file data_36.txt (compact mmCIF, C-alpha atoms and all ligand atoms)
# COMPACT_ATOMS: atom_id res chain seq x y z
CA MET W 663 0.00 0.00 0.00
CA PRO W 664 1.50 3.38 -0.99
CA GLU W 665 1.92 5.16 2.35
CA PHE W 666 3.36 8.59 3.01
CA SER W 667 6.74 8.32 4.72
CA PRO W 668 9.16 10.92 6.17
CA GLY W 669 11.46 10.11 3.21
CA GLU W 670 8.67 10.96 0.78
CA GLY W 671 8.13 14.11 2.88
CA LEU W 672 11.70 15.24 2.16
CA LEU W 673 11.27 14.51 -1.55
CA LEU W 674 8.05 16.55 -1.56
CA LEU W 675 9.78 19.42 0.22
CA SER W 676 12.62 19.55 -2.29
CA LYS W 677 10.15 19.29 -5.17
CA GLY W 678 8.11 22.11 -3.59
CA ILE W 679 11.18 24.36 -3.33
CA ARG W 680 12.17 23.64 -6.95
CA ASN W 681 8.65 24.41 -8.19
CA TYR W 682 8.45 27.56 -6.08
CA VAL W 683 11.75 28.88 -7.39
CA GLY W 684 11.00 27.76 -10.96
CA GLY W 685 7.54 29.40 -11.03
CA LYS W 686 5.71 26.07 -11.27
CA PRO W 687 2.58 25.20 -9.26
CA LEU W 688 2.79 23.81 -5.72
CA ILE W 689 -0.70 22.37 -5.98
CA VAL W 690 -3.12 21.63 -8.79
CA SER W 691 -6.76 21.13 -7.87
CA TYR W 692 -8.77 18.94 -10.22
CA GLU W 693 -12.50 19.59 -10.04
CA VAL W 694 -13.33 16.12 -11.33
CA THR W 695 -17.04 16.93 -11.52
CA LEU W 696 -19.16 20.02 -10.82
CA SER W 697 -22.07 17.78 -9.76
CA CYS W 698 -22.74 17.71 -6.05
CA ASN W 699 -25.04 15.72 -3.77
CA CYS W 700 -25.19 18.61 -1.27
CA ASN W 701 -26.47 22.11 -1.74
CA CYS W 702 -24.45 24.07 0.79
CA ARG W 703 -25.51 27.52 1.84
CA HIS W 704 -22.05 29.02 1.24
CA CYS W 705 -21.37 27.35 -2.14
CA ASP W 706 -22.38 27.88 -5.76
CA LEU W 707 -21.94 24.26 -6.89
CA GLY W 708 -24.99 22.59 -5.33
CA GLY W 709 -26.99 19.96 -7.16
CA LEU W 710 -26.46 17.39 -9.90
CA ARG W 711 -25.43 18.30 -13.45
CA GLN W 712 -26.31 16.21 -16.46
CA ALA W 713 -24.12 15.53 -19.50
CA GLU W 714 -20.90 16.98 -18.17
CA GLN W 715 -17.82 16.59 -20.36
CA ARG W 716 -15.25 14.72 -18.24
CA MET W 717 -11.59 13.87 -18.61
CA ALA W 718 -10.67 10.18 -18.25
CA PRO W 719 -8.08 8.85 -15.76
CA ALA W 720 -5.41 8.74 -18.52
CA ASP W 721 -5.97 12.46 -19.18
CA TYR W 722 -5.42 13.18 -15.47
CA ALA W 723 -2.15 11.25 -15.65
CA ALA W 724 -1.00 13.32 -18.64
CA TYR W 725 -1.90 16.62 -16.92
CA THR W 726 -0.17 15.55 -13.71
CA ARG W 727 3.03 14.64 -15.58
CA ALA W 728 2.96 17.99 -17.37
CA PHE W 729 2.32 20.19 -14.31
CA ALA W 730 4.58 18.12 -12.00
CA SER W 731 3.24 19.71 -8.81
CA PRO W 732 4.11 17.97 -5.51
CA LEU W 733 0.50 18.27 -4.31
CA VAL W 734 -2.61 17.25 -6.22
CA GLN W 735 -6.14 17.76 -4.95
CA LEU W 736 -9.22 15.96 -6.28
CA SER W 737 -12.27 18.06 -5.52
CA GLY W 738 -15.44 19.29 -7.13
CA GLY W 739 -18.43 19.32 -6.93
CA GLU W 740 -18.39 16.03 -5.10
CA PRO W 741 -15.57 13.74 -6.30
CA LEU W 742 -17.10 10.58 -4.78
CA LEU W 743 -19.91 10.92 -7.34
CA ARG W 744 -17.43 9.80 -10.01
CA PRO W 745 -17.48 6.00 -10.38
CA ASP W 746 -13.87 6.11 -11.69
CA LEU W 747 -12.44 8.18 -8.80
CA VAL W 748 -10.22 5.30 -7.62
CA ASP W 749 -8.74 5.05 -11.15
CA ILE W 750 -8.12 8.80 -11.20
CA VAL W 751 -6.28 8.60 -7.84
CA ARG W 752 -4.14 5.74 -9.16
CA ALA W 753 -3.45 7.62 -12.41
CA VAL W 754 -2.26 10.85 -10.74
CA LYS W 755 -0.31 9.01 -8.05
CA ASN W 756 1.70 7.03 -10.61
CA ALA W 757 2.05 9.78 -13.21
CA HIS W 758 4.67 11.77 -11.36
CA LYS W 759 6.78 11.20 -8.26
CA PRO W 760 6.53 12.50 -5.66
CA THR W 761 2.82 13.38 -5.69
CA TYR W 762 0.84 13.82 -2.48
CA VAL W 763 -2.79 13.09 -3.36
CA ILE W 764 -5.63 14.75 -1.45
CA VAL W 765 -9.31 13.87 -1.95
CA VAL W 766 -11.76 16.55 -0.74
CA THR W 767 -15.29 15.30 -0.04
CA ASN W 768 -18.47 16.05 1.84
CA GLY W 769 -18.35 12.40 2.98
CA ALA W 770 -21.99 11.59 2.13
CA LEU W 771 -20.91 8.57 0.03
CA LEU W 772 -17.96 7.65 2.21
CA ASP W 773 -17.67 4.16 3.65
CA ARG W 774 -14.94 1.71 4.62
CA ASP W 775 -14.86 0.07 1.19
CA ILE W 776 -14.32 3.23 -0.88
CA TYR W 777 -11.85 4.60 1.70
CA LEU W 778 -9.72 1.44 1.49
CA ARG W 779 -9.86 1.40 -2.31
CA LEU W 780 -8.78 5.06 -2.50
CA LYS W 781 -6.03 4.31 -0.02
CA GLU W 782 -4.83 1.32 -1.99
CA ALA W 783 -4.78 3.47 -5.15
CA GLY W 784 -2.45 5.99 -3.49
CA MET W 785 -4.57 8.63 -1.71
CA ASN W 786 -2.44 10.33 0.98
CA GLN W 787 -5.07 12.51 2.61
CA LEU W 788 -8.84 12.47 2.86
CA SER W 789 -10.29 15.91 3.62
CA VAL W 790 -13.88 15.81 4.82
CA SER W 791 -15.85 19.03 5.15
CA LEU W 792 -17.62 19.78 8.42
CA ASP W 793 -19.32 23.07 9.18
CA PHE W 794 -20.98 22.30 12.54
CA PRO W 795 -20.30 19.80 15.34
CA ASP W 796 -23.90 18.50 15.25
CA GLU W 797 -27.05 18.23 13.09
CA ARG W 798 -26.85 21.92 12.16
CA HIS W 799 -24.35 20.60 9.59
CA ASP W 800 -27.27 18.90 7.76
CA ALA W 801 -29.23 22.14 7.55
CA PHE W 802 -26.19 24.11 6.33
CA ARG W 803 -25.41 21.48 3.67
CA ARG W 804 -29.11 20.78 2.97
CA ARG W 805 -28.55 17.03 3.34
CA ARG W 806 -30.46 15.19 6.01
CA GLY W 807 -28.52 12.61 8.03
CA LEU W 808 -25.08 13.78 6.89
CA PHE W 809 -23.76 14.59 10.35
CA ALA W 810 -24.93 11.26 11.79
CA HIS W 811 -23.28 9.48 8.86
CA LEU W 812 -19.96 11.26 9.47
CA GLU W 813 -20.23 10.59 13.20
CA ARG W 814 -20.55 6.86 12.47
CA THR W 815 -18.02 6.66 9.65
CA LEU W 816 -15.08 8.92 10.49
CA PRO W 817 -14.12 7.38 13.86
CA GLU W 818 -14.31 3.93 12.26
CA LEU W 819 -11.99 4.97 9.41
CA ALA W 820 -9.67 6.80 11.80
CA ASP W 821 -9.40 3.58 13.83
CA ILE W 822 -7.81 1.86 10.83
CA GLY W 823 -4.83 3.96 11.84
CA HIS W 824 -3.47 5.72 8.74
CA GLY W 825 -3.75 9.14 10.39
CA ASP W 826 -4.77 10.63 7.04
CA ILE W 827 -8.26 12.06 7.69
CA ILE W 828 -8.62 15.83 8.01
CA ILE W 829 -11.80 17.73 8.71
CA ASN W 830 -12.10 20.96 6.71
CA THR W 831 -14.04 23.74 8.39
CA ALA W 832 -14.68 26.97 6.51
CA ILE W 833 -15.16 29.65 9.18
CA THR W 834 -18.35 31.68 8.71
CA LYS W 835 -20.37 34.10 10.81
CA VAL W 836 -22.76 31.29 11.69
CA ASN W 837 -20.20 28.71 12.88
CA MET W 838 -17.52 30.95 14.40
CA ARG W 839 -18.73 30.05 17.92
CA GLU W 840 -18.37 26.32 17.16
CA LEU W 841 -14.69 26.21 16.23
CA ARG W 842 -13.53 24.95 19.60
CA ALA W 843 -16.32 22.34 19.65
CA ILE W 844 -15.27 21.15 16.17
CA SER W 845 -11.68 20.87 17.42
CA ASP W 846 -12.83 18.81 20.43
CA LEU W 847 -14.96 16.60 18.18
CA SER W 848 -12.02 15.99 15.82
CA GLU W 849 -9.89 14.95 18.73
CA ARG W 850 -12.61 12.55 19.93
CA TRP W 851 -13.04 11.08 16.45
CA GLY W 852 -9.26 10.61 16.10
CA VAL W 853 -8.93 12.90 13.08
CA THR W 854 -7.17 16.20 12.35
CA VAL W 855 -8.94 19.52 11.71
CA SER W 856 -7.97 22.34 9.37
CA TYR W 857 -9.71 25.73 9.41
CA SER W 858 -10.10 28.05 6.45
CA ALA W 859 -12.11 31.21 5.78
CA TYR W 860 -15.44 31.89 4.12
CA THR W 861 -15.42 33.94 0.95
CA GLN W 862 -18.47 35.62 -0.52
CA LEU W 863 -17.01 35.27 -4.03
CA ARG W 864 -18.88 32.00 -4.61
CA THR W 865 -22.42 33.18 -3.89
CA GLY W 866 -22.17 36.94 -3.43
CA ASP W 867 -23.67 36.47 0.03
CA ALA W 868 -22.11 38.84 2.60
CA GLU W 869 -24.26 37.34 5.38
CA TYR W 870 -21.65 34.74 6.30
CA MET W 871 -18.70 37.17 6.45
CA ILE W 872 -17.37 38.14 9.88
CA SER W 873 -16.98 41.89 9.96
CA SER W 874 -18.64 43.59 12.94
CA PRO W 875 -16.25 44.79 15.71
CA GLU W 876 -18.01 42.52 18.27
CA ASP W 877 -17.72 39.41 16.09
CA LEU W 878 -14.11 40.20 15.22
CA LEU W 879 -13.24 40.59 18.90
CA GLU W 880 -14.80 37.22 19.65
CA LEU W 881 -13.11 35.58 16.66
CA ARG W 882 -9.74 36.92 17.79
CA GLY W 883 -10.25 35.24 21.19
CA THR W 884 -11.17 31.95 19.52
CA ILE W 885 -8.20 32.08 17.13
CA ASP W 886 -5.88 32.75 20.10
CA GLU W 887 -7.39 29.73 21.84
CA LEU W 888 -6.84 27.56 18.73
CA ILE W 889 -3.22 28.76 18.47
CA HIS W 890 -2.73 27.76 22.08
CA LEU W 891 -4.11 24.30 21.20
CA VAL W 892 -1.85 24.06 18.11
CA ARG W 893 1.14 24.41 20.46
CA SER W 894 0.00 21.75 22.90
CA LYS W 895 -1.96 19.22 20.80
CA LYS W 896 -1.51 17.36 17.55
CA HIS W 897 -4.94 17.40 15.96
CA ILE W 898 -5.03 20.92 14.47
CA ALA W 899 -3.33 21.01 11.06
CA ASN W 900 -3.04 24.76 10.55
CA PRO W 901 0.31 26.35 11.21
CA GLU W 902 0.00 29.39 13.51
CA THR W 903 0.75 31.70 10.57
CA VAL W 904 -2.33 30.45 8.72
CA LEU W 905 -4.60 30.97 11.75
CA ARG W 906 -3.24 34.50 12.30
CA ASP W 907 -3.60 35.36 8.61
CA THR W 908 -7.14 33.95 8.59
CA PHE W 909 -8.03 36.44 11.31
CA ALA W 910 -6.24 39.24 9.41
CA TYR W 911 -8.30 38.38 6.32
CA PHE W 912 -11.58 38.81 8.22
CA GLU W 913 -10.33 41.92 10.04
CA ASN W 914 -9.22 43.67 6.83
CA GLY W 915 -11.96 42.19 4.64
CA SER W 916 -9.31 41.00 2.19
CA MET W 917 -5.89 39.41 1.78
CA PRO W 918 -3.63 40.95 -0.86
CA ARG W 919 -1.12 39.34 -3.23
CA CYS W 920 -2.99 36.27 -4.41
CA SER W 921 -0.91 33.88 -6.52
CA ALA W 922 -3.80 32.03 -8.20
CA GLY W 923 -2.74 30.74 -11.59
CA LYS W 924 0.91 30.60 -10.53
CA ARG W 925 1.40 28.66 -7.28
CA PHE W 926 -1.96 26.95 -7.57
CA PHE W 927 -4.76 26.63 -10.08
CA VAL W 928 -7.81 24.54 -10.87
CA VAL W 929 -8.59 22.16 -13.73
CA MET W 930 -12.22 21.87 -14.79
CA PRO W 931 -13.86 18.47 -15.50
CA ASP W 932 -13.36 18.99 -19.25
CA GLY W 933 -9.68 19.89 -18.86
CA ALA W 934 -9.84 23.70 -19.12
CA LEU W 935 -7.57 25.58 -16.70
CA ILE W 936 -9.01 28.27 -14.44
CA PRO W 937 -7.04 30.36 -11.89
CA CYS W 938 -9.20 29.29 -8.92
CA SER W 939 -12.71 28.13 -8.06
CA LEU W 940 -13.78 31.75 -7.69
CA HIS W 941 -12.45 33.12 -10.99
CA ARG W 942 -13.61 30.81 -13.72
CA GLN W 943 -12.08 32.35 -16.84
CA ARG W 944 -10.92 29.39 -18.94
CA TYR W 945 -7.40 29.02 -20.34
CA LEU W 946 -5.64 26.44 -22.48
CA SER W 947 -2.24 26.67 -20.77
CA GLN W 948 -0.71 27.88 -17.52
CA SER W 949 1.49 30.40 -19.34
CA GLU W 950 -1.57 31.98 -20.99
CA MET W 951 -3.32 32.11 -17.59
CA VAL W 952 -0.31 33.75 -15.90
CA HIS W 953 -0.01 36.28 -18.71
CA ASP W 954 -3.71 37.18 -18.94
CA PHE W 955 -4.81 36.78 -15.32
CA SER W 956 -2.15 36.31 -12.64
CA SER W 957 0.18 39.11 -13.71
CA SER W 958 -2.55 41.73 -13.19
CA ASN W 959 -4.68 39.94 -10.55
CA ALA W 960 -5.54 42.28 -7.68
CA CYS W 961 -8.22 40.08 -6.09
CA GLY W 962 -7.88 39.67 -2.33
CA ALA W 963 -11.40 38.51 -1.59
CA CYS W 964 -10.66 35.00 -0.28
CA TYR W 965 -8.34 33.15 2.03
CA VAL W 966 -9.49 29.61 1.27
CA ALA W 967 -7.25 26.65 2.18
CA ILE W 968 -5.55 26.18 -1.20
CA ARG W 969 -4.45 29.80 -1.03
CA SER W 970 -3.54 29.99 2.65
CA TYR W 971 -1.14 27.04 2.41
CA THR W 972 0.73 28.15 -0.73
CA ASP W 973 0.50 31.89 -0.93
CA LYS W 974 3.40 33.04 1.23
CA PRO W 975 6.96 34.18 0.65
CA LEU W 976 9.37 31.24 0.46
CA TRP W 977 11.14 32.15 3.71
CA LYS W 978 7.82 32.11 5.61
CA LEU W 979 6.84 28.75 4.13
CA LEU W 980 10.26 27.26 4.89
CA PHE W 981 10.94 28.66 8.32
CA LYS W 982 7.43 28.89 9.77
CA ASP W 983 5.01 26.53 8.04
CA VAL W 984 7.25 23.63 7.00
CA PRO W 985 8.70 23.10 10.51
CA SER W 986 5.19 23.17 11.95
CA LEU W 987 3.89 20.69 9.35
CA ALA W 988 6.99 18.51 9.78
CA ARG W 989 6.42 18.41 13.53
CA ARG W 990 2.89 17.15 12.89
CA LEU W 991 4.22 14.50 10.51
CA PHE W 992 6.81 13.45 13.07
CA ASP W 993 4.13 13.35 15.80
CA ARG W 994 2.01 11.18 13.55
CA TYR W 995 4.78 8.68 12.95
CA VAL W 996 6.00 8.42 16.50
CA SER W 997 2.45 7.98 17.75
CA LEU W 998 1.47 5.31 15.20
C1 LIG B 1001 -16.48 23.23 -2.99
S1 LIG B 1001 -16.26 21.91 -1.86
C2 LIG B 1001 -15.96 20.57 -2.97
C3 LIG B 1001 -15.62 19.26 -2.32
C4 LIG B 1001 -16.72 18.53 -1.55
N1 LIG B 1001 -17.98 18.52 -2.21
C5 LIG B 1001 -16.84 19.08 -0.15
O1 LIG B 1001 -17.92 19.52 0.25
O2 LIG B 1001 -15.84 19.06 0.56
C6 LIG B 1001 -14.63 22.16 -1.20
C7 LIG B 1001 -14.58 23.01 0.06
O3 LIG B 1001 -14.96 24.33 -0.27
C8 LIG B 1001 -15.60 24.86 0.87
N2 LIG B 1001 -16.41 26.01 0.47
C9 LIG B 1001 -17.54 26.03 -0.25
N3 LIG B 1001 -18.00 27.29 -0.38
C10 LIG B 1001 -17.13 28.08 0.26
C11 LIG B 1001 -17.04 29.48 0.50
N4 LIG B 1001 -17.95 30.33 0.02
N5 LIG B 1001 -16.01 29.95 1.22
C12 LIG B 1001 -15.06 29.11 1.71
N6 LIG B 1001 -15.08 27.78 1.53
C13 LIG B 1001 -16.10 27.28 0.81
C14 LIG B 1001 -16.42 23.71 1.37
O4 LIG B 1001 -16.81 23.91 2.72
C15 LIG B 1001 -15.47 22.55 1.17
O5 LIG B 1001 -14.72 22.32 2.34

call {"tool": "encode", "arguments": {"input": "data_36.txt", "output": "structure tokens", "more": "lines below"}}
Ligand SMILES: C[S@@+](CC[C@H](N)C(=O)[O-])C[C@H]1O[C@@H](n2cnc3c(N)ncnc32)[C@H](O)[C@@H]1O
result
Amino acid sequence: MPEFSPGEGLLLLSKGIRNYVGGKPLIVSYEVTLSCNCNCRHCDLGGLRQAEQRMAPADYAAYTRAFASPLVQLSGGEPLLRPDLVDIVRAVKNAHKPTYVIVVTNGALLDRDIYLRLKEAGMNQLSVSLDFPDERHDAFRRRRGLFAHLERTLPELADIGHGDIIINTAITKVNMRELRAISDLSERWGVTVSYSAYTQLRTGDAEYMISSPEDLLELRGTIDELIHLVRSKKHIANPETVLRDTFAYFENGSMPRCSAGKRFFVVMPDGALIPCSLHRQRYLSQSEMVHDFSSSNACGACYVAIRSYTDKPLWKLLFKDVPSLARRLFDRYVSL
């Protein structure tokens, strides 16, 4: 079974540095379908889509060889809706080495069988979205029974012992008081949690932004509490810098210097390149996208995970984030 080892970690790090210096992407996110079996309140991709043009696993292998990014994310829409997802994982994993493969899912179709097949095909990380630590998650995602399903499934999968399940929580005005509870729940379930920030770019809805002085004051307290936990516990994935910058994004209402199109970009189901999930202009090549979009991009209206983990100066990534992530990797291996 292809597992992620500290040796592979070093290879990924050196590949990451070479790509950073050489202007190549650190992460490519494949939206393998825009269909989704949820209809989340903060997202524009709810509902099923008919007759979508989709790349085959061999196409994903060719793209992965060409882009040669150390990290690859399979997202959507809902990737588990694709019957050939396991083949896509295997194709990208074997197309280029080293490739760290992340599958991002709402978990509605997740069970032991598909988890083990994804794992066997080479998935390194399973990111499962969770917006509330209870049934309010169902209402937010407009999918009845989803929280109960995750509550049954995630601890069982975590028990298998790969240490590769991460809960993704996008911080919004309506769940900002639940962040500590989500952290506690992750610890109980035996999984890791990673926080990111809501953006209104998907839906245009400002209702979920955190902007009032009272809310910001409360959020600052919660972020400080999470940073304290990051120092003492192992189950929060965010480096301190990301948590601090997430607060700064809400406080300032923006985060300048986005590197979409350069350090990261998205591939649509039909193979077109787009700078990010929030700017869907289509390009045929990365160089065209950098020329026409990235070089003049002044957008600062998100601080979603793909951006927050890749969008920093090299020194900050190397001396702040990498040591923190390496410590988590080390913790994971010594505690296995
Ligand atoms: C678009 S979903 C696709 C993958 C999968 N269907 C899922 O729910 O995880 C990927 C992530 O984007 C997050 N997301 C959706 N809308 C967002 C928004 N407006 N701001 C920040 N994150 C958002 C979701 O919470 C989820 O964690």

call {"tool": "residues_around", "arguments": {"input": "data_36.txt", "residues": "Leu675 in chain W", "least_positions_apart": "4", "cutoff": "9 Å", "atoms": "all atoms listed in the file", "output": "CSV table (one decimal) with C-alpha atoms, in the coordinates of the input"}}
result
chain,number,residue,atom,x,y,z
W,670,GLU,CA,8.7,11.0,0.8
W,671,GLY,CA,8.1,14.1,2.9
W,679,ILE,CA,11.2,24.4,-3.3
W,680,ARG,CA,12.2,23.6,-7.0
W,732,PRO,CA,4.1,18.0,-5.5
W,984,VAL,CA,7.2,23.6,7.0

call {"tool": "residues_near_ligand", "arguments": {"input": "data_36.txt", "ligand": "ligand LIG 1001 (chain B)", "cutoff": "9 Å", "atoms": "only C-alpha atoms and all ligand atoms", "output": "PyMOL selection string"}}
result
chain W and resi 693+696-700+702-708+736-742+765-769+789-793+803+829-834+858-867+870+939-940+964-967

call {"tool": "residues_around", "arguments": {"input": "data_36.txt", "residues": "Gly962 in chain W", "least_positions_apart": "4", "cutoff": "6 Å", "atoms": "all atoms listed in the file", "output": "PyMOL selection string"}}
result
chain W and resi 916-918

call {"tool": "closest_residue", "arguments": {"input": "data_36.txt", "among": "W:Ser856, W:Thr815, W:Gln712, W:Thr884", "to": "Arg839 in chain W", "atoms": "only C-alpha atoms"}}
result
W:Thr884

call {"tool": "closest_residue", "arguments": {"input": "data_36.txt", "among": "W:Gly915, W:Pro901, W:Gly685, W:Pro668", "to": "Ile872 in chain W", "atoms": "only C-alpha atoms"}}
result
W:Gly915

call {"tool": "residues_around", "arguments": {"input": "data_36.txt", "residues": "Glu913 in chain W", "least_positions_apart": "5", "cutoff": "10 Å", "atoms": "all atoms listed in the file", "output": "list of chain:residue names"}}
result
W:Ile872, W:Ser873, W:Ser874, W:Pro875, W:Asp877, W:Leu878, W:Leu879, W:Leu881, W:Arg882, W:Asp907, W:Thr908

call {"tool": "closest_residue", "arguments": {"input": "data_36.txt", "among": "W:Ala910, W:Cys920, W:Leu905, W:Leu672", "to": "Ser958 in chain W", "atoms": "all atoms listed in the file"}}
result
W:Cys920

call {"tool": "atom_distance", "arguments": {"input": "data_36.txt", "atom1": "CA of Leu841 in chain W", "atom2": "CA of Lys781 in chain W"}}
result
28.6 Å

call {"tool": "atom_distance", "arguments": {"input": "data_36.txt", "atom1": "CA of Phe802 in chain W", "atom2": "CA of Glu880 in chain W"}}
result
21.9 Å

call {"tool": "atom_distance", "arguments": {"input": "data_36.txt", "atom1": "CA of Arg944 in chain W", "atom2": "CA of Lys755 in chain W"}}
result
25.4 Å

call {"tool": "closest_residue", "arguments": {"input": "data_36.txt", "among": "W:Arg842, W:Ile936, W:His897, W:Val763", "to": "Ser949 in chain W", "atoms": "only C-alpha atoms"}}
result
W:Ile936

call {"tool": "residues_around", "arguments": {"input": "data_36.txt", "residues": "Asp826 in chain W", "least_positions_apart": "2", "cutoff": "7 Å", "atoms": "all atoms listed in the file", "output": "MDAnalysis selection string"}}
result
chainID W and resid 786:788 824 828

call {"tool": "closest_residue", "arguments": {"input": "data_36.txt", "among": "W:Met871, W:Leu743, W:Tyr725, W:Asn837", "to": "Phe912 in chain W", "atoms": "all atoms listed in the file"}}
result
W:Met871

call {"tool": "closest_residue", "arguments": {"input": "data_36.txt", "among": "W:Leu733, W:Val952, W:Cys961, W:Ala720", "to": "Asn681 in chain W", "atoms": "all atoms listed in the file"}}
result
W:Leu733

call {"tool": "residues_around", "arguments": {"input": "data_36.txt", "residues": "Asp932 in chain W", "least_positions_apart": "2", "cutoff": "7 Å", "atoms": "all atoms listed in the file", "output": "PyMOL selection string"}}
result
chain W and resi 715-717+930+934
